Amino acid sequence: MAQPTYRQRALVLRRTKLGESDLILTMLAVDGSQLRAVAKGARKPKSPFAARTEPLCVVDLLCARGRSLDIVKEARLVAPHDALRQDIEASAAALPMLELLGRLSQTGLENPRLFQAAERALNAMDGADDAHRVALAAAHLLKTLAFSGLRPSLEVCVGCGEPVALVDGARLPFSAIEGGVACDVCRPSLETELVDAATLCWGQYFLASTFDAIAAGPADLSASFAVLHLVQSLVRAHVGSPLKSLEFLFTSGLF
């Protein structure tokens with residue numbers, strides 16, 4: 001009896017070896033759910049899947065239903081994102097995006113904004129310089145947290161809900177566990193670290209702006225990395241463990 005098939009557009013997040021020649025593909029489907037499928041023979045040199053299913057590629061798939069994992073029958077490249085895959089600095093900036101999506105997306109749980117944001121961010125990163133790619137990565141990670149119900153509070157106290165003034169040059173208490181900035185009154189009862197007000201302002205800018213606007217706007221590497229460290233604190237507190245690819249970005253010396 002023939003296996004039922006379906007078509008799916010997806011972003012490849014990760015590849016895992018299976019047996020001698022197969023790969024398990026972990027992907028973000030267009031509806032924002034996580035999809036895992038086997039690409040048989042994908043590790044063979046002449047396999048048509050080899051170059052079409054690399055991380056960062058957006059692909060149109062024909063899949064067959066399987067008992068535990070579905071089977072990839074056909075794969076057509078939609079957006080290879082060669083500029084990001086073939087440059088180490090670009091890859092280092094983009095891969096934390098894939099790792100966070102792999103951690104937050106779930107099988108059967110639709111969240112279309114995850115795919116839409118990833119697609120737009122990667123398209124913007126294709127033609128950007130290194131500084132703007134890091135800024136776009138920081139923006140995408142913040143937006144992904146927000147779309148997953150983990151939007152940080154950057155100007156309102158997480159304890160009492162009162163506005164917190166982001167005064168230039170100030171260092172403000174930020175609670176990763178509570179998910180945002182704290183006022184002086186609530187600070188003693190919360191576990192906090194001091195964060196520059198400028199970092200919170202950049203975080204607000206990234207959350208409020210489109211990826212195209214960020215790609216065309218100012219880019220400050222130091223500010224973007226400060227936001228990325230803030231993201232890592234939030235991920236550690238709410239997702240369970242830090243992003244390994246983000247730690248590589250911090251320590252690689254590429255920027």
# chains A, B, ... in the order shown; residues from 1 in each chain; ligands from 1
>>> residues_around(residues="Cys183 in chain A", least_positions_apart="4", cutoff="12 Å", atoms="only C-alpha atoms", output="JSON, numbers by chain")
{"A": [153, 154, 155, 156, 157, 158, 159, 160, 161, 162, 163, 164, 165, 166, 171, 172, 173, 174, 175, 187, 188, 189, 190, 192, 194]}
>>> residues_around(residues="range 83-94 of chain A", least_positions_apart="2", cutoff="7 Å", atoms="only C-alpha atoms", output="list in words")
His81, Pro96, Met97, Asp126, Asp130, Arg133, Val134, Ala137, Leu249 and Leu254 of chain A
>>> residues_around(residues="range 139-151 of chain A", least_positions_apart="6", cutoff="10 Å", atoms="only C-alpha atoms", output="ChimeraX atom specification")
/A:94,96-101,104-105,111-115,117-118,120-122,133,179-180,202-211,214,224,227-228,230-232,234-235,238-239
>>> select_by_dssp(residues="range 5-233 of chain A", states="alpha helix (DSSP H)", output="number ranges by chain")
A: 82-85, 88-104, 112-126, 130-147, 197-208, 211-216, 221-233
>>> residues_around(residues="Ser68 in chain A", least_positions_apart="5", cutoff="12 Å", atoms="only C-alpha atoms", output="list in words")
Ile24, Leu35, Arg36, Ala37 and Val38 of chain A
>>> write_last_selection(atoms="all heavy atoms", output="mmCIF file, in the first residue's frame")
data_model
loop_
_atom_site.group_PDB
_atom_site.id
_atom_site.type_symbol
_atom_site.label_atom_id
_atom_site.label_comp_id
_atom_site.auth_asym_id
_atom_site.auth_seq_id
_atom_site.Cartn_x
_atom_site.Cartn_y
_atom_site.Cartn_z
ATOM 1 N N ILE A 24 18.638 12.756 9.484
ATOM 2 C CA ILE A 24 17.387 13.243 10.045
ATOM 3 C C ILE A 24 17.412 14.762 9.950
ATOM 4 O O ILE A 24 18.335 15.407 10.462
ATOM 5 C CB ILE A 24 17.205 12.809 11.507
ATOM 6 C CG1 ILE A 24 17.144 11.288 11.621
ATOM 7 C CG2 ILE A 24 15.933 13.431 12.088
ATOM 8 C CD1 ILE A 24 17.080 10.794 13.056
ATOM 9 N N LEU A 35 9.181 20.123 12.226
ATOM 10 C CA LEU A 35 9.034 18.942 11.383
ATOM 11 C C LEU A 35 10.345 18.180 11.374
ATOM 12 O O LEU A 35 11.413 18.773 11.162
ATOM 13 C CB LEU A 35 8.654 19.352 9.962
ATOM 14 C CG LEU A 35 8.653 18.263 8.880
ATOM 15 C CD1 LEU A 35 7.573 17.238 9.165
ATOM 16 C CD2 LEU A 35 8.448 18.885 7.499
ATOM 17 N N ARG A 36 10.278 16.871 11.619
ATOM 18 C CA ARG A 36 11.465 16.012 11.540
ATOM 19 C C ARG A 36 11.186 14.915 10.524
ATOM 20 O O ARG A 36 10.147 14.269 10.560
ATOM 21 C CB ARG A 36 11.811 15.417 12.901
ATOM 22 C CG ARG A 36 12.135 16.465 13.941
ATOM 23 C CD ARG A 36 12.434 15.866 15.306
ATOM 24 N NE ARG A 36 13.771 15.294 15.361
ATOM 25 C CZ ARG A 36 14.048 14.030 15.636
ATOM 26 N NH1 ARG A 36 13.050 13.176 15.851
ATOM 27 N NH2 ARG A 36 15.282 13.596 15.679
ATOM 28 N N ALA A 37 12.124 14.741 9.604
ATOM 29 C CA ALA A 37 11.943 13.754 8.536
ATOM 30 C C ALA A 37 13.300 13.184 8.143
ATOM 31 O O ALA A 37 14.344 13.825 8.331
ATOM 32 C CB ALA A 37 11.257 14.380 7.326
ATOM 33 N N VAL A 38 13.276 11.988 7.576
ATOM 34 C CA VAL A 38 14.503 11.308 7.156
ATOM 35 C C VAL A 38 14.734 11.539 5.670
ATOM 36 O O VAL A 38 13.835 11.329 4.855
ATOM 37 C CB VAL A 38 14.409 9.792 7.433
ATOM 38 C CG1 VAL A 38 15.664 9.081 6.901
ATOM 39 C CG2 VAL A 38 14.254 9.533 8.922
#
>>> select_by_dssp(residues="range 35-233 of chain A", states="strand (DSSP E or B)", output="ChimeraX atom specification")
/A:35-39,58-64,70-79,106,109,153,156,163,171-175,180-181,193-196
>>> write_last_selection(atoms="N, CA and C atoms", output="short mmCIF file (atom, residue, chain, number, x, y, z; two decimals), in the first residue's frame")
data_model
loop_
_atom_site.label_atom_id
_atom_site.label_comp_id
_atom_site.auth_asym_id
_atom_site.auth_seq_id
_atom_site.Cartn_x
_atom_site.Cartn_y
_atom_site.Cartn_z
N LEU A 35 9.18 20.12 12.23
CA LEU A 35 9.03 18.94 11.38
C LEU A 35 10.34 18.18 11.37
N ARG A 36 10.28 16.87 11.62
CA ARG A 36 11.47 16.01 11.54
C ARG A 36 11.19 14.91 10.52
N ALA A 37 12.12 14.74 9.60
CA ALA A 37 11.94 13.75 8.54
C ALA A 37 13.30 13.18 8.14
N VAL A 38 13.28 11.99 7.58
CA VAL A 38 14.50 11.31 7.16
C VAL A 38 14.73 11.54 5.67
N ALA A 39 15.95 11.97 5.33
CA ALA A 39 16.38 12.07 3.93
C ALA A 39 17.30 10.89 3.66
N VAL A 58 15.90 27.15 2.71
CA VAL A 58 14.44 27.02 2.66
C VAL A 58 14.11 26.12 1.48
N VAL A 59 13.32 25.08 1.74
CA VAL A 59 13.07 24.07 0.71
C VAL A 59 11.58 23.76 0.60
N ASP A 60 11.19 23.35 -0.61
CA ASP A 60 9.87 22.78 -0.82
C ASP A 60 10.04 21.26 -0.85
N LEU A 61 9.30 20.56 0.00
CA LEU A 61 9.47 19.12 0.16
C LEU A 61 8.24 18.36 -0.28
N LEU A 62 8.47 17.16 -0.76
CA LEU A 62 7.43 16.14 -0.88
C LEU A 62 7.81 15.05 0.10
N CYS A 63 6.95 14.83 1.09
CA CYS A 63 7.24 13.85 2.15
C CYS A 63 6.19 12.76 2.17
N ALA A 64 6.62 11.59 2.60
CA ALA A 64 5.70 10.46 2.79
C ALA A 64 5.56 10.19 4.28
N ASP A 70 8.69 10.89 9.16
CA ASP A 70 8.31 10.94 7.76
C ASP A 70 9.56 10.83 6.88
N ILE A 71 9.34 10.55 5.60
CA ILE A 71 10.43 10.32 4.65
C ILE A 71 10.40 11.41 3.58
N VAL A 72 11.55 12.04 3.34
CA VAL A 72 11.65 13.04 2.29
C VAL A 72 11.79 12.33 0.94
N LYS A 73 10.85 12.59 0.04
CA LYS A 73 10.89 11.99 -1.29
C LYS A 73 11.50 12.93 -2.32
N GLU A 74 11.19 14.22 -2.20
CA GLU A 74 11.73 15.23 -3.12
C GLU A 74 12.05 16.47 -2.31
N ALA A 75 13.06 17.23 -2.79
CA ALA A 75 13.41 18.50 -2.15
C ALA A 75 13.83 19.48 -3.22
N ARG A 76 13.19 20.65 -3.22
CA ARG A 76 13.53 21.70 -4.19
C ARG A 76 13.94 22.96 -3.42
N LEU A 77 15.11 23.51 -3.78
CA LEU A 77 15.60 24.70 -3.10
C LEU A 77 14.73 25.91 -3.45
N VAL A 78 14.30 26.63 -2.44
CA VAL A 78 13.57 27.88 -2.61
C VAL A 78 14.51 29.06 -2.35
N ALA A 79 15.25 28.99 -1.26
CA ALA A 79 16.20 30.04 -0.89
C ALA A 79 17.42 29.38 -0.26
N GLN A 106 7.75 23.40 18.27
CA GLN A 106 7.31 22.08 18.71
C GLN A 106 6.50 21.40 17.62
N LEU A 109 2.60 22.16 17.01
CA LEU A 109 2.21 23.45 17.58
C LEU A 109 2.47 24.54 16.56
N SER A 153 10.30 42.68 29.14
CA SER A 153 9.79 44.02 29.47
C SER A 153 11.00 44.94 29.61
N VAL A 156 9.12 48.82 31.41
CA VAL A 156 8.13 48.76 32.49
C VAL A 156 8.60 47.74 33.51
N PRO A 163 6.45 52.51 34.85
CA PRO A 163 7.46 52.81 33.84
C PRO A 163 8.83 53.04 34.48
N ARG A 171 22.71 52.68 34.54
CA ARG A 171 22.73 51.22 34.57
C ARG A 171 21.55 50.77 35.42
N LEU A 172 20.71 49.94 34.84
CA LEU A 172 19.44 49.60 35.47
C LEU A 172 19.39 48.11 35.83
N PRO A 173 18.69 47.78 36.92
CA PRO A 173 18.56 46.36 37.30
C PRO A 173 17.65 45.61 36.33
N PHE A 174 18.12 44.46 35.87
CA PHE A 174 17.37 43.63 34.92
C PHE A 174 17.31 42.22 35.47
N SER A 175 16.11 41.67 35.53
CA SER A 175 15.91 40.31 36.03
C SER A 175 15.60 39.38 34.87
N GLY A 180 12.57 41.00 32.69
CA GLY A 180 12.60 42.40 32.34
C GLY A 180 13.27 43.29 33.36
N VAL A 181 13.17 44.59 33.10
CA VAL A 181 13.80 45.60 33.93
C VAL A 181 13.01 45.77 35.23
N GLU A 193 20.67 41.80 37.51
CA GLU A 193 22.00 42.22 37.10
C GLU A 193 21.86 43.62 36.50
N LEU A 194 22.92 44.40 36.54
CA LEU A 194 22.87 45.75 36.01
C LEU A 194 23.10 45.72 34.50
N VAL A 195 22.25 46.44 33.78
CA VAL A 195 22.32 46.51 32.32
C VAL A 195 22.29 47.98 31.92
N ASP A 196 23.12 48.34 30.94
CA ASP A 196 23.13 49.72 30.46
C ASP A 196 21.77 50.08 29.86
#
>>> atom_distance(atom1="CA of Glu20 in chain A", atom2="CA of Thr53 in chain A")
17.2 Å
>>> residues_around(residues="Val12 in chain A", least_positions_apart="3", cutoff="8 Å", atoms="only C-alpha atoms", output="ChimeraX atom specification")
/A:15,25-28,53-59
>>> write_last_selection(atoms="C-alpha atoms", output="compact mmCIF listing (two decimals), in the first residue's frame")
# COMPACT_ATOMS: atom_id res chain seq x y z
CA ARG A 15 20.90 17.70 10.33
CA LEU A 25 16.33 16.77 9.13
CA THR A 26 14.93 19.02 11.85
CA MET A 27 13.00 21.82 10.17
CA LEU A 28 10.67 24.73 10.83
CA THR A 53 18.98 20.20 2.76
CA GLU A 54 21.75 22.11 4.52
CA PRO A 55 20.94 24.30 7.53
CA LEU A 56 19.72 27.80 6.52
CA CYS A 57 18.14 26.46 3.31
CA VAL A 58 14.44 27.02 2.66
CA VAL A 59 13.07 24.07 0.71
>>> residues_around(residues="Ser233 in chain A", least_positions_apart="6", cutoff="9 Å", atoms="only C-alpha atoms", output="list in words")
Ala176, Ile177 and Pro242 of chain A
>>> write_last_selection(atoms="C-alpha atoms", output="CSV table (one decimal), in the first residue's frame")
chain,number,residue,atom,x,y,z
A,176,ALA,CA,16.3,37.5,33.4
A,177,ILE,CA,14.2,35.2,35.6
A,242,PRO,CA,22.3,28.8,26.9
>>> atom_distance(atom1="CA of Asp31 in chain A", atom2="CA of Leu11 in chain A")
10.9 Å
>>> closest_residue(among="A:Val167, A:Leu69, A:Ala138, A:Ala213", to="Ala124 in chain A", atoms="only C-alpha atoms")
A:Ala213
